file protein12.tsv (TSV, C-alpha atoms)
chain	number	residue	atom	x	y	z
A	1	MET	CA	39.26	-1.54	33.19
A	2	SER	CA	39.72	-4.59	35.35
A	3	GLU	CA	36.04	-4.47	36.22
A	4	ARG	CA	34.99	-4.77	32.60
A	5	PRO	CA	34.52	-8.54	32.53
A	6	GLY	CA	32.51	-8.38	35.75
A	7	ASP	CA	30.55	-5.51	34.28
A	8	THR	CA	29.43	-7.48	31.27
A	9	GLY	CA	28.76	-10.39	33.56
A	10	ASN	CA	26.18	-8.33	35.41
A	11	ARG	CA	24.46	-7.29	32.26
A	12	THR	CA	24.39	-10.53	30.33
A	13	PRO	CA	22.22	-12.65	32.60
A	14	GLY	CA	19.26	-10.45	31.62
A	15	GLN	CA	17.27	-13.21	29.97
A	16	ASP	CA	14.68	-10.86	28.47
A	17	ARG	CA	16.62	-10.38	25.30
A	18	ASP	CA	14.67	-12.69	23.05
A	19	ALA	CA	14.02	-9.85	20.67
A	20	GLY	CA	17.49	-9.79	19.17
A	21	GLY	CA	19.33	-13.05	18.76
A	22	ARG	CA	22.02	-10.94	17.18
A	23	GLU	CA	22.43	-8.95	20.34
A	24	ASP	CA	22.72	-12.11	22.38
A	25	ASP	CA	25.29	-13.41	20.00
A	26	LEU	CA	27.26	-10.21	20.27
A	27	ASP	CA	27.11	-10.33	24.05
A	28	ARG	CA	28.22	-13.91	24.12
A	29	ARG	CA	31.10	-13.20	21.78
A	30	ARG	CA	32.14	-10.20	23.80
A	31	LYS	CA	32.13	-12.24	26.97
A	32	GLU	CA	34.23	-14.91	25.33
A	33	LEU	CA	36.65	-12.30	24.10
A	34	ASP	CA	36.91	-10.72	27.53
A	35	ALA	CA	37.61	-14.09	29.08
A	36	ALA	CA	40.23	-14.84	26.43
A	37	ILE	CA	41.91	-11.48	26.94
A	38	LEU	CA	41.86	-11.85	30.70
A	39	ALA	CA	43.37	-15.29	30.47
A	40	ARG	CA	46.16	-14.17	28.19
A	41	ARG	CA	46.94	-10.90	29.86
A	42	PRO	CA	50.52	-10.94	31.08
A	43	ALA	CA	50.99	-11.46	34.79
A	44	ALA	CA	52.98	-8.26	34.99
A	45	GLY	CA	49.93	-6.10	34.45
A	46	GLU	CA	48.00	-7.71	37.24
A	47	LYS	CA	50.86	-7.60	39.65
A	48	ASP	CA	51.54	-3.96	38.93
A	49	ARG	CA	47.90	-3.12	39.42
A	50	ALA	CA	47.77	-4.98	42.68
A	51	ASP	CA	50.58	-3.07	44.34
A	52	GLY	CA	50.40	0.09	42.30
A	53	SER	CA	47.06	1.26	43.57
A	54	SER	CA	48.22	3.66	46.25
A	55	GLY	CA	51.11	5.12	48.16
A	56	MET	CA	54.74	5.17	47.10
A	57	ALA	CA	54.37	2.20	44.79
A	58	GLY	CA	51.99	4.31	42.71
A	59	ILE	CA	54.98	6.45	41.80
A	60	GLY	CA	56.52	3.42	40.14
A	61	ASN	CA	53.37	2.94	38.13
A	62	ALA	CA	53.29	6.59	37.12
A	63	LEU	CA	56.93	6.42	36.10
A	64	LYS	CA	56.25	3.33	34.03
A	65	LEU	CA	53.36	4.83	32.10
A	66	SER	CA	55.05	8.19	31.55
A	67	SER	CA	58.24	6.55	30.31
A	68	GLU	CA	56.21	4.54	27.80
A	69	PHE	CA	54.40	7.64	26.59
A	70	ILE	CA	57.49	9.85	26.39
A	71	ALA	CA	59.49	7.16	24.62
A	72	GLY	CA	56.93	7.05	21.82
A	73	ILE	CA	57.05	10.80	21.32
A	74	VAL	CA	60.84	10.94	21.49
A	75	VAL	CA	61.27	8.20	18.92
A	76	GLY	CA	58.68	9.77	16.62
A	77	ALA	CA	60.36	13.16	16.85
A	78	ALA	CA	63.78	11.62	16.28
A	79	ILE	CA	62.63	9.78	13.15
A	80	GLY	CA	60.99	12.93	11.80
A	81	TRP	CA	64.09	14.99	12.49
A	82	ILE	CA	66.36	12.47	10.77
A	83	ILE	CA	64.06	12.32	7.74
A	84	ASP	CA	64.11	16.10	7.57
A	85	ARG	CA	67.89	16.14	7.75
A	86	LEU	CA	68.29	13.55	5.02
A	87	ALA	CA	65.51	14.62	2.67
A	88	GLY	CA	65.47	18.34	3.39
A	89	THR	CA	61.72	18.38	3.89
A	90	SER	CA	61.87	20.46	7.04
A	91	PRO	CA	59.58	20.87	8.89
A	92	PHE	CA	57.01	18.44	7.54
A	93	GLY	CA	58.75	15.23	8.52
A	94	LEU	CA	59.03	16.43	12.09
A	95	VAL	CA	55.37	17.51	12.18
A	96	VAL	CA	54.04	14.26	10.75
A	97	PHE	CA	56.23	11.93	12.77
A	98	LEU	CA	55.74	13.87	15.98
A	99	LEU	CA	52.00	13.27	15.60
A	100	LEU	CA	52.60	9.60	14.81
A	101	GLY	CA	54.86	9.47	17.83
A	102	PHE	CA	52.01	10.77	19.98
A	103	GLY	CA	49.88	7.96	18.61
A	104	ALA	CA	52.57	5.41	19.38
A	105	GLY	CA	53.03	6.86	22.85
A	106	VAL	CA	49.34	6.55	23.64
A	107	LEU	CA	49.36	3.01	22.28
A	108	ASN	CA	52.39	2.16	24.42
A	109	ALA	CA	50.82	3.58	27.55
A	110	LEU	CA	47.49	1.82	27.00
A	111	ARG	CA	49.25	-1.46	26.31
A	112	SER	CA	51.40	-1.10	29.35
A	113	ALA	CA	48.34	-0.39	31.48
A	114	GLY	CA	46.66	-3.50	30.09
A	115	LEU	CA	43.80	-1.57	28.49
A	116	ILE	CA	44.73	-2.84	25.04
A	117	THR	CA	46.01	-6.32	24.43
A	118	GLN	CA	49.50	-6.95	23.23
A	119	ALA	CA	50.08	-6.94	19.51
A	120	GLY	CA	50.26	-10.70	19.20
A	121	ILE	CA	47.12	-11.41	21.18
A	122	ARG	CA	44.87	-9.22	19.13
A	123	SER	CA	44.03	-11.87	16.56
A	124	SER	CA	42.98	-14.49	19.11
A	125	GLY	CA	39.33	-13.48	19.18
A	126	LYS	CA	37.91	-13.15	15.72
A	127	ASP	CA	35.80	-10.13	16.68
A	128	GLU	CA	38.07	-7.71	14.93
A	129	GLY	CA	38.49	-4.31	16.50
A	130	GLY	CA	36.40	-5.20	19.49
A	131	SER	CA	39.42	-5.40	21.72
A	132	GLY	CA	41.08	-2.29	20.44
A	133	ARG	CA	38.12	0.01	20.36
A	134	LYS	CA	38.12	1.06	23.96
B	135	MET	CA	80.16	17.12	48.51
B	136	ALA	CA	78.11	16.28	51.54
B	137	ASN	CA	75.00	17.96	50.21
B	138	ASP	CA	75.43	17.18	46.55
B	139	PRO	CA	73.00	14.36	45.71
B	140	ILE	CA	74.46	13.93	42.22
B	141	HIS	CA	78.01	13.35	43.37
B	142	GLN	CA	77.41	9.64	43.94
B	143	PHE	CA	76.90	9.10	40.22
B	144	GLN	CA	80.21	10.58	39.13
B	145	ILE	CA	82.42	8.38	36.99
B	146	SER	CA	86.08	8.37	37.99
B	147	ARG	CA	88.87	6.76	36.02
B	148	TRP	CA	90.72	4.18	38.03
B	149	VAL	CA	93.03	2.90	35.30
B	150	PRO	CA	93.23	5.30	32.37
B	151	ILE	CA	93.44	3.39	29.09
B	152	GLU	CA	93.41	5.09	25.72
B	153	ILE	CA	93.40	3.17	22.45
B	154	GLY	CA	93.40	5.03	19.16
B	155	GLY	CA	92.13	8.25	20.72
B	156	LEU	CA	89.17	6.50	22.33
B	157	ASP	CA	88.74	6.36	26.06
B	158	PHE	CA	88.65	2.78	27.31
B	159	SER	CA	89.50	3.63	30.90
B	160	PHE	CA	88.67	1.20	33.64
B	161	THR	CA	86.32	3.31	35.75
B	162	ASN	CA	84.51	2.82	39.02
B	163	SER	CA	81.49	1.89	36.91
B	164	SER	CA	83.46	-0.87	35.18
B	165	ALA	CA	84.77	-2.06	38.51
B	166	PHE	CA	81.27	-2.41	39.91
B	167	MET	CA	80.07	-4.16	36.77
B	168	VAL	CA	82.86	-6.68	37.21
B	169	ALA	CA	81.96	-6.99	40.88
B	170	THR	CA	78.31	-7.54	39.94
B	171	VAL	CA	79.16	-10.31	37.50
B	172	VAL	CA	81.59	-11.93	39.93
B	173	ALA	CA	79.10	-11.76	42.77
B	174	ALA	CA	76.20	-13.15	40.73
B	175	GLY	CA	78.31	-15.87	39.14
B	176	GLY	CA	80.08	-16.72	42.38
B	177	PHE	CA	76.81	-16.88	44.28
B	178	LEU	CA	75.24	-19.27	41.78
B	179	TYR	CA	78.39	-21.37	41.47
B	180	LEU	CA	79.08	-21.72	45.15
B	181	SER	CA	75.48	-22.21	46.19
B	182	THR	CA	74.96	-25.03	43.73
B	183	ALA	CA	78.40	-26.57	44.14
B	184	SER	CA	77.28	-29.18	46.69
B	185	ARG	CA	74.36	-30.30	44.47
B	186	GLY	CA	72.43	-31.62	47.43
B	187	LEU	CA	69.27	-33.53	46.68
B	188	VAL	CA	67.86	-31.77	49.71
B	189	PRO	CA	69.02	-28.23	49.04
B	190	SER	CA	70.81	-26.16	51.62
B	191	ARG	CA	69.57	-22.66	52.30
B	192	MET	CA	71.72	-20.97	49.70
B	193	GLN	CA	71.08	-23.67	47.16
B	194	SER	CA	67.36	-23.25	47.51
B	195	VAL	CA	67.73	-19.50	46.97
B	196	ALA	CA	69.57	-20.22	43.74
B	197	GLU	CA	66.97	-22.79	42.72
B	198	MET	CA	64.19	-20.35	43.52
B	199	SER	CA	65.71	-17.69	41.30
B	200	TYR	CA	66.02	-20.26	38.54
B	201	GLU	CA	62.39	-21.35	38.92
B	202	PHE	CA	61.23	-17.76	39.14
B	203	VAL	CA	62.81	-16.74	35.84
B	204	ALA	CA	61.94	-20.03	34.14
B	205	ASN	CA	58.27	-19.70	35.02
B	206	MET	CA	58.23	-16.08	33.95
B	207	LEU	CA	59.69	-16.98	30.59
B	208	ARG	CA	57.44	-19.99	30.09
B	209	ASP	CA	54.34	-17.95	30.90
B	210	ALA	CA	55.24	-15.14	28.54
B	211	ALA	CA	56.83	-16.92	25.60
B	212	GLY	CA	55.81	-20.56	25.89
B	213	SER	CA	58.14	-23.52	26.13
B	214	GLN	CA	59.79	-22.47	22.86
B	215	GLY	CA	60.99	-19.40	24.67
B	216	MET	CA	63.14	-21.51	26.97
B	217	ARG	CA	65.98	-21.31	24.46
B	218	PHE	CA	66.36	-17.71	25.58
B	219	PHE	CA	66.55	-18.69	29.22
B	220	PRO	CA	70.32	-18.07	29.53
B	221	LEU	CA	69.90	-14.55	28.19
B	222	VAL	CA	66.93	-13.66	30.37
B	223	PHE	CA	68.42	-15.22	33.47
B	224	SER	CA	71.74	-13.42	32.99
B	225	LEU	CA	69.98	-10.11	32.44
B	226	PHE	CA	67.79	-10.61	35.50
B	227	MET	CA	70.69	-11.57	37.76
B	228	PHE	CA	72.89	-8.76	36.45
B	229	VAL	CA	70.25	-6.08	36.94
B	230	LEU	CA	69.21	-7.47	40.32
B	231	PHE	CA	72.74	-7.70	41.67
B	232	ALA	CA	73.66	-4.29	40.25
B	233	ASN	CA	70.58	-2.73	41.86
B	234	LEU	CA	71.25	-4.42	45.20
B	235	PHE	CA	74.93	-3.50	45.10
B	236	GLY	CA	73.83	0.09	44.74
B	237	MET	CA	72.11	-0.17	48.12
B	238	PHE	CA	75.44	-0.49	49.95
B	239	PRO	CA	76.64	2.87	51.29
B	240	TYR	CA	79.47	4.35	49.20
B	241	PHE	CA	78.91	1.83	46.43
B	242	PHE	CA	78.37	2.91	42.87
B	243	THR	CA	75.03	2.07	41.23
B	244	VAL	CA	75.76	0.76	37.76
B	245	THR	CA	72.14	0.82	36.61
B	246	SER	CA	71.74	4.50	37.46
B	247	HIS	CA	73.55	5.38	34.22
B	248	ILE	CA	71.36	5.38	31.16
B	249	ILE	CA	74.13	4.22	28.87
B	250	VAL	CA	74.37	0.94	30.79
B	251	THR	CA	70.63	0.27	30.81
B	252	PHE	CA	70.31	1.36	27.21
B	253	ALA	CA	73.03	-1.06	26.16
B	254	LEU	CA	71.13	-3.86	27.95
B	255	ALA	CA	67.88	-2.84	26.23
B	256	LEU	CA	69.61	-2.71	22.84
B	257	LEU	CA	70.91	-6.21	23.46
B	258	VAL	CA	67.34	-7.40	24.07
B	259	ILE	CA	65.84	-5.64	21.06
B	260	GLY	CA	68.78	-6.69	18.88
B	261	THR	CA	68.16	-10.31	19.87
B	262	VAL	CA	64.45	-9.93	19.07
B	263	ILE	CA	65.11	-8.45	15.64
B	264	VAL	CA	67.91	-10.82	14.63
B	265	TYR	CA	66.12	-13.93	15.86
B	266	GLY	CA	62.79	-12.80	14.41
B	267	PHE	CA	64.25	-12.34	10.94
B	268	MET	CA	66.29	-15.53	11.22
B	269	LYS	CA	63.28	-17.63	12.14
B	270	HIS	CA	60.50	-16.02	10.13
B	271	GLY	CA	62.29	-14.11	7.39
B	272	PHE	CA	60.16	-11.25	6.22
B	273	GLY	CA	57.18	-12.85	7.95
B	274	PHE	CA	58.54	-11.12	11.05
B	275	LEU	CA	57.23	-7.86	9.61
B	276	LYS	CA	53.70	-9.15	10.18
B	277	LEU	CA	54.32	-7.99	13.72
B	278	PHE	CA	53.63	-4.48	12.47
B	279	VAL	CA	50.46	-5.29	10.53
B	280	PRO	CA	47.61	-6.15	12.87
B	281	GLU	CA	44.80	-8.23	11.45
B	282	GLY	CA	41.38	-6.80	10.72
B	283	VAL	CA	42.48	-3.26	9.96
B	284	PRO	CA	40.74	-1.52	7.03
B	285	GLY	CA	43.02	-1.13	4.02
B	286	ILE	CA	43.16	2.65	4.11
B	287	LEU	CA	44.36	2.71	7.68
B	288	VAL	CA	47.13	0.16	7.20
B	289	PRO	CA	49.95	2.64	6.43
B	290	LEU	CA	49.03	4.76	9.43
B	291	VAL	CA	48.76	1.79	11.77
B	292	VAL	CA	52.02	0.32	10.50
B	293	ALA	CA	53.82	3.62	11.05
B	294	ILE	CA	52.48	3.85	14.59
B	295	GLU	CA	53.35	0.21	15.31
B	296	VAL	CA	56.89	0.69	14.02
B	297	ILE	CA	57.41	3.76	16.17
B	298	SER	CA	55.93	1.91	19.11
B	299	PHE	CA	58.37	-0.96	18.51
B	300	LEU	CA	61.33	1.40	18.21
B	301	SER	CA	60.37	3.13	21.43
B	302	ARG	CA	60.63	-0.11	23.40
B	303	PRO	CA	64.36	-0.04	24.09
B	304	ILE	CA	64.05	3.59	25.16
B	305	SER	CA	61.19	3.04	27.58
B	306	LEU	CA	62.82	-0.15	28.87
B	307	SER	CA	66.12	1.57	29.62
B	308	VAL	CA	64.66	4.86	30.82
B	309	ARG	CA	62.41	3.11	33.33
B	310	LEU	CA	65.22	1.19	35.02
B	311	PHE	CA	67.62	4.13	34.93
B	312	ALA	CA	65.06	6.68	36.16
B	313	ASN	CA	63.90	4.48	39.02
B	314	MET	CA	67.41	3.91	40.31
B	315	LEU	CA	68.53	7.51	39.80
B	316	ALA	CA	65.44	9.04	41.40
B	317	GLY	CA	65.50	6.61	44.31
B	318	HIS	CA	69.13	7.25	45.15
B	319	ILE	CA	68.78	11.01	44.84
B	320	THR	CA	65.70	11.02	47.11
B	321	LEU	CA	67.51	8.91	49.65
B	322	LYS	CA	70.51	11.20	49.61
B	323	VAL	CA	68.44	14.37	49.91
B	324	PHE	CA	66.46	13.09	52.90
B	325	ALA	CA	69.60	11.80	54.58
B	326	GLY	CA	71.15	15.21	53.96
B	327	PHE	CA	68.28	16.84	55.86
B	328	VAL	CA	69.17	14.80	58.91
B	329	THR	CA	72.70	16.16	59.14
B	330	SER	CA	71.81	19.74	58.28
B	331	LEU	CA	68.96	19.80	60.79
B	332	GLY	CA	71.07	18.07	63.39
B	333	ALA	CA	73.62	20.89	63.17
B	334	MET	CA	71.00	23.38	64.37
B	335	GLY	CA	71.02	22.43	68.03
B	336	ALA	CA	68.41	20.80	70.25
B	337	ILE	CA	65.35	21.80	68.23
B	338	GLY	CA	67.07	20.71	65.06
B	339	ILE	CA	67.85	17.29	66.47
B	340	GLY	CA	64.20	16.89	67.44
B	341	GLY	CA	63.16	17.92	63.95
B	342	ALA	CA	65.70	15.58	62.37
B	343	ILE	CA	63.71	12.60	63.57
B	344	LEU	CA	61.20	13.07	60.76
B	345	PRO	CA	63.65	12.88	57.83
B	346	LEU	CA	65.47	10.06	59.62
B	347	ALA	CA	62.26	8.02	59.75
B	348	MET	CA	61.68	8.90	56.10
B	349	THR	CA	65.18	7.73	55.20
B	350	VAL	CA	64.63	4.40	56.90
B	351	ALA	CA	61.32	3.94	55.09
B	352	LEU	CA	62.85	4.95	51.78
B	353	THR	CA	65.67	2.47	52.22
B	354	GLY	CA	63.12	-0.31	52.53
B	355	LEU	CA	61.29	1.00	49.49
B	356	GLU	CA	64.53	1.14	47.52
B	357	PHE	CA	65.15	-2.53	48.17
B	358	LEU	CA	61.67	-3.24	46.85
B	359	VAL	CA	62.32	-1.07	43.80
B	360	ALA	CA	65.66	-2.75	43.18
B	361	PHE	CA	63.96	-6.13	43.00
B	362	LEU	CA	60.85	-4.90	41.20
B	363	GLN	CA	62.81	-3.17	38.44
B	364	ALA	CA	64.91	-6.25	37.79
B	365	TYR	CA	61.66	-8.23	37.61
B	366	VAL	CA	60.01	-5.73	35.26
B	367	PHE	CA	63.07	-5.67	33.03
B	368	ALA	CA	63.04	-9.47	32.79
B	369	VAL	CA	59.27	-9.67	32.21
B	370	LEU	CA	59.38	-7.14	29.40
B	371	THR	CA	62.33	-8.97	27.88
B	372	CYS	CA	60.24	-12.14	27.89
B	373	MET	CA	57.32	-10.37	26.25
B	374	TYR	CA	59.49	-8.89	23.52
B	375	LEU	CA	61.10	-12.27	22.89
B	376	ASN	CA	57.59	-13.66	22.55
B	377	ASP	CA	57.07	-11.25	19.66
B	378	ALA	CA	60.18	-12.64	17.98
B	379	LEU	CA	58.92	-16.20	18.41
B	380	HIS	CA	55.32	-15.60	17.35
B	381	PRO	CA	54.99	-12.43	15.28
B	382	GLY	CA	51.36	-11.61	14.50
B	383	HIS	CA	50.23	-15.15	15.37
call {"tool": "encode", "arguments": {"input": "protein12.tsv", "output": "structure tokens"}}
result
Amino acid sequence: MSERPGDTGNRTPGQDRDAGGREDDLDRRRKELDAAILARRPAAGEKDRADGSSGMAGIGNALKLSSEFIAGIVVGAAIGWIIDRLAGTSPFGLVVFLLLGFGAGVLNALRSAGLITQAGIRSSGKDEGGSGRK
Amino acid sequence: MANDPIHQFQISRWVPIEIGGLDFSFTNSSAFMVATVVAAGGFLYLSTASRGLVPSRMQSVAEMSYEFVANMLRDAAGSQGMRFFPLVFSLFMFVLFANLFGMFPYFFTVTSHIIVTFALALLVIGTVIVYGFMKHGFGFLKLFVPEGVPGILVPLVVAIEVISFLSRPISLSVRLFANMLAGHITLKVFAGFVTSLGAMGAIGIGGAILPLAMTVALTGLEFLVAFLQAYVFAVLTCMYLNDALHPGH
């Protein structure tokens, strides 16, 4: 993911894109967004990536991501279970909230890995959804 | 006991106290928490007591830890976030000293118990929620509604965001606890290999060199982990506090 800005950088200098000004505009906006995201990405992500690439320190990275993912599922399941207990809707609360918990877990893990921006940063570029689509 | 890697995490009551049927005993865990606070506080107090314009060695260590946390907080939450500096700095120093205390042989590792780390994480999230509602009122709930989401998807996204928010204290506490627990167990198991191999005679002693080297390497790694986990805990605290200061932007 960290090579994404460089990636677009390689592609954009192609000057032969006179055909679609819209395309150029999109490219420019995407590049701006990438730069903005890169600038605002928390230092923690970069540091972790730097020393988490190989060896024993990779275990720390793995532990971090798995704890994020599992926490989402556990909380989702717990909420579903409590709703079932209180409302007597067993097992539908558990089913629905377990699935939502999976969603939250994936979101947590992607955020923690720096693949999706933090919640607050999302609105900085006005290209809605562009940052979250990956 | 010698080969039981879990034994080091056992809680023992030093001064049994019982109030109203609840157990308030002063345990070895409590003792090491007190020791952690005393050591961290004493270190900062004594090292800055001389207030030299040109800092001594210890004073510059204390100043470095201040600068380190202050920069971290300023980067993550802006200069407004500096009002939370006492909280973040205390948390960082507590976790760091507790982790490093755990590296002494025969010492108890406070942060290897999930109830301790979970209480710290609840303190952080409680601060975020209370301060967020105090400052923004119900505008704090915008944190859960990202901009630019199609209307139909909003309930789904909000549900996922809420669950994601609620899972923060769990992942925060589990990460610190699991790192310390796993590290200490690994260390103990490898060190146990040395003694059990060494008991097997000449060949065993030759073979024991490998786990011994591993134990030495792991000890170094554990010191790194002790620092890194305190750092991660503080960084995540800063990021969550940022949400309380600027929900949804």
call {"tool": "closest_residue", "arguments": {"input": "protein12.tsv", "among": "A:Val95, A:Ala77, A:Ala39, A:Ala71", "to": "chain B", "atoms": "all atoms listed in the file"}}
result
A:Ala71
call {"tool": "closest_atom_pairs", "arguments": {"input": "protein12.tsv", "of": "chain B", "to": "chain A", "cutoff": "9 Å", "atoms": "all atoms listed in the file", "output": "JSON lines"}}
result
{"residue": "B:Met206", "atom": "CA", "partner": "A:Ala43", "partner_atom": "CA", "distance": 8.6}
{"residue": "B:Asp209", "atom": "CA", "partner": "A:Pro42", "partner_atom": "CA", "distance": 8.0}
{"residue": "B:Ala210", "atom": "CA", "partner": "A:Pro42", "partner_atom": "CA", "distance": 6.8}
{"residue": "B:Leu277", "atom": "CA", "partner": "A:Ala119", "partner_atom": "CA", "distance": 7.3}
{"residue": "B:Phe278", "atom": "CA", "partner": "A:Ala119", "partner_atom": "CA", "distance": 8.3}
{"residue": "B:Pro280", "atom": "CA", "partner": "A:Ala119", "partner_atom": "CA", "distance": 7.1}
{"residue": "B:Glu281", "atom": "CA", "partner": "A:Ser123", "partner_atom": "CA", "distance": 6.3}
{"residue": "B:Gly282", "atom": "CA", "partner": "A:Glu128", "partner_atom": "CA", "distance": 5.4}
{"residue": "B:Val283", "atom": "CA", "partner": "A:Gly129", "partner_atom": "CA", "distance": 7.7}
{"residue": "B:Leu290", "atom": "CA", "partner": "A:Leu100", "partner_atom": "CA", "distance": 8.1}
{"residue": "B:Ala293", "atom": "CA", "partner": "A:Leu100", "partner_atom": "CA", "distance": 7.2}
{"residue": "B:Ile294", "atom": "CA", "partner": "A:Ala104", "partner_atom": "CA", "distance": 5.0}
{"residue": "B:Glu295", "atom": "CA", "partner": "A:Ala104", "partner_atom": "CA", "distance": 6.6}
{"residue": "B:Val296", "atom": "CA", "partner": "A:Ala104", "partner_atom": "CA", "distance": 8.3}
{"residue": "B:Ile297", "atom": "CA", "partner": "A:Ala104", "partner_atom": "CA", "distance": 6.0}
{"residue": "B:Ser298", "atom": "CA", "partner": "A:Ala104", "partner_atom": "CA", "distance": 4.9}
{"residue": "B:Phe299", "atom": "CA", "partner": "A:Ala104", "partner_atom": "CA", "distance": 8.7}
{"residue": "B:Leu300", "atom": "CA", "partner": "A:Val75", "partner_atom": "CA", "distance": 6.8}
{"residue": "B:Ser301", "atom": "CA", "partner": "A:Ala71", "partner_atom": "CA", "distance": 5.2}
{"residue": "B:Arg302", "atom": "CA", "partner": "A:Ala71", "partner_atom": "CA", "distance": 7.5}
{"residue": "B:Pro303", "atom": "CA", "partner": "A:Ala71", "partner_atom": "CA", "distance": 8.7}
{"residue": "B:Ile304", "atom": "CA", "partner": "A:Ala71", "partner_atom": "CA", "distance": 5.8}
{"residue": "B:Ser305", "atom": "CA", "partner": "A:Glu68", "partner_atom": "CA", "distance": 5.2}
{"residue": "B:Leu306", "atom": "CA", "partner": "A:Glu68", "partner_atom": "CA", "distance": 8.2}
{"residue": "B:Val308", "atom": "CA", "partner": "A:Ser67", "partner_atom": "CA", "distance": 6.7}
{"residue": "B:Arg309", "atom": "CA", "partner": "A:Ser67", "partner_atom": "CA", "distance": 6.2}
{"residue": "B:Ala312", "atom": "CA", "partner": "A:Leu63", "partner_atom": "CA", "distance": 8.1}
{"residue": "B:Asn313", "atom": "CA", "partner": "A:Gly60", "partner_atom": "CA", "distance": 7.5}
{"residue": "B:Leu355", "atom": "CA", "partner": "A:Met56", "partner_atom": "CA", "distance": 8.1}
{"residue": "B:Val359", "atom": "CA", "partner": "A:Gly60", "partner_atom": "CA", "distance": 8.2}
{"residue": "B:Val366", "atom": "CA", "partner": "A:Ala44", "partner_atom": "CA", "distance": 7.5}
{"residue": "B:Val369", "atom": "CA", "partner": "A:Ala44", "partner_atom": "CA", "distance": 7.0}
{"residue": "B:Leu370", "atom": "CA", "partner": "A:Ala44", "partner_atom": "CA", "distance": 8.6}
{"residue": "B:Met373", "atom": "CA", "partner": "A:Pro42", "partner_atom": "CA", "distance": 8.4}
{"residue": "B:Asn376", "atom": "CA", "partner": "A:Gly120", "partner_atom": "CA", "distance": 8.6}
{"residue": "B:Asp377", "atom": "CA", "partner": "A:Gly120", "partner_atom": "CA", "distance": 6.8}
{"residue": "B:His380", "atom": "CA", "partner": "A:Gly120", "partner_atom": "CA", "distance": 7.3}
{"residue": "B:Pro381", "atom": "CA", "partner": "A:Gly120", "partner_atom": "CA", "distance": 6.4}
{"residue": "B:Gly382", "atom": "CA", "partner": "A:Gly120", "partner_atom": "CA", "distance": 4.9}
{"residue": "B:His383", "atom": "CA", "partner": "A:Gly120", "partner_atom": "CA", "distance": 5.9}
call {"tool": "atom_distance", "arguments": {"input": "protein12.tsv", "atom1": "CA of Val264 in chain B", "atom2": "CA of Ser112 in chain A"}}
result
24.2 Å
call {"tool": "atom_distance", "arguments": {"input": "protein12.tsv", "atom1": "CA of His247 in chain B", "atom2": "CA of Ala232 in chain B"}}
result
11.4 Å
call {"tool": "atom_distance", "arguments": {"input": "protein12.tsv", "atom1": "CA of Leu379 in chain B", "atom2": "CA of Ala196 in chain B"}}
result
27.8 Å
call {"tool": "residues_around", "arguments": {"input": "protein12.tsv", "residues": "Gly93 in chain A", "least_positions_apart": "2", "cutoff": "8 Å", "atoms": "all atoms listed in the file", "output": "ChimeraX atom specification"}}
result
/A:80-81,83-84,89-91,95-97
call {"tool": "residues_around", "arguments": {"input": "protein12.tsv", "residues": "Leu344 in chain B", "least_positions_apart": "3", "cutoff": "10 Å", "atoms": "all atoms listed in the file", "output": "compact mmCIF listing (two decimals) with C-alpha atoms, in the coordinates of the input"}}
result
# COMPACT_ATOMS: atom_id res chain seq x y z
CA PHE B 324 66.46 13.09 52.90
CA PHE B 327 68.28 16.84 55.86
CA VAL B 328 69.17 14.80 58.91
CA ILE B 339 67.85 17.29 66.47
CA GLY B 340 64.20 16.89 67.44
CA GLY B 341 63.16 17.92 63.95
CA ALA B 347 62.26 8.02 59.75
CA MET B 348 61.68 8.90 56.10
CA THR B 349 65.18 7.73 55.20
call {"tool": "closest_residue", "arguments": {"input": "protein12.tsv", "among": "B:Met227, B:Leu346, B:Val168, B:Ile259", "to": "Leu321 in chain B", "atoms": "all atoms listed in the file"}}
result
B:Leu346
call {"tool": "residues_around", "arguments": {"input": "protein12.tsv", "residues": "range 211-219 of chain B", "least_positions_apart": "3", "cutoff": "10 Å", "atoms": "only C-alpha atoms", "output": "short mmCIF file (atom, residue, chain, number, x, y, z; two decimals) with C-alpha atoms, keeping the file's coordinate frame"}}
result
data_model
loop_
_atom_site.label_atom_id
_atom_site.label_comp_id
_atom_site.auth_asym_id
_atom_site.auth_seq_id
_atom_site.Cartn_x
_atom_site.Cartn_y
_atom_site.Cartn_z
CA TYR B 200 66.02 -20.26 38.54
CA VAL B 203 62.81 -16.74 35.84
CA ALA B 204 61.94 -20.03 34.14
CA ASN B 205 58.27 -19.70 35.02
CA MET B 206 58.23 -16.08 33.95
CA LEU B 207 59.69 -16.98 30.59
CA ARG B 208 57.44 -19.99 30.09
CA VAL B 222 66.93 -13.66 30.37
CA PHE B 223 68.42 -15.22 33.47
CA SER B 224 71.74 -13.42 32.99
CA LEU B 225 69.98 -10.11 32.44
CA THR B 261 68.16 -10.31 19.87
CA THR B 371 62.33 -8.97 27.88
CA CYS B 372 60.24 -12.14 27.89
CA MET B 373 57.32 -10.37 26.25
CA TYR B 374 59.49 -8.89 23.52
CA LEU B 375 61.10 -12.27 22.89
CA ASN B 376 57.59 -13.66 22.55
CA ASP B 377 57.07 -11.25 19.66
CA ALA B 378 60.18 -12.64 17.98
CA LEU B 379 58.92 -16.20 18.41
CA HIS B 380 55.32 -15.60 17.35
#
call {"tool": "residues_around", "arguments": {"input": "protein12.tsv", "residues": "Ser159 in chain B", "least_positions_apart": "4", "cutoff": "9 Å", "atoms": "all atoms listed in the file", "output": "PyMOL selection string"}}
result
chain B and resi 147-152+164
call {"tool": "decode", "arguments": {"input": "protein12.tsv", "residues": "range 73-79 of chain A", "atoms": "C-alpha atoms", "output": "short mmCIF file (atom, residue, chain, number, x, y, z; two decimals), in the first residue's frame"}}
result
data_model
loop_
_atom_site.label_atom_id
_atom_site.label_comp_id
_atom_site.auth_asym_id
_atom_site.auth_seq_id
_atom_site.Cartn_x
_atom_site.Cartn_y
_atom_site.Cartn_z
CA ILE A 73 -15.68 -9.74 16.41
CA VAL A 74 -15.75 -10.16 20.17
CA VAL A 75 -17.50 -6.85 20.74
CA GLY A 76 -20.00 -7.56 17.96
CA ALA A 77 -20.79 -10.98 19.38
CA ALA A 78 -21.09 -9.57 22.90
CA ILE A 79 -23.54 -6.87 21.79
#
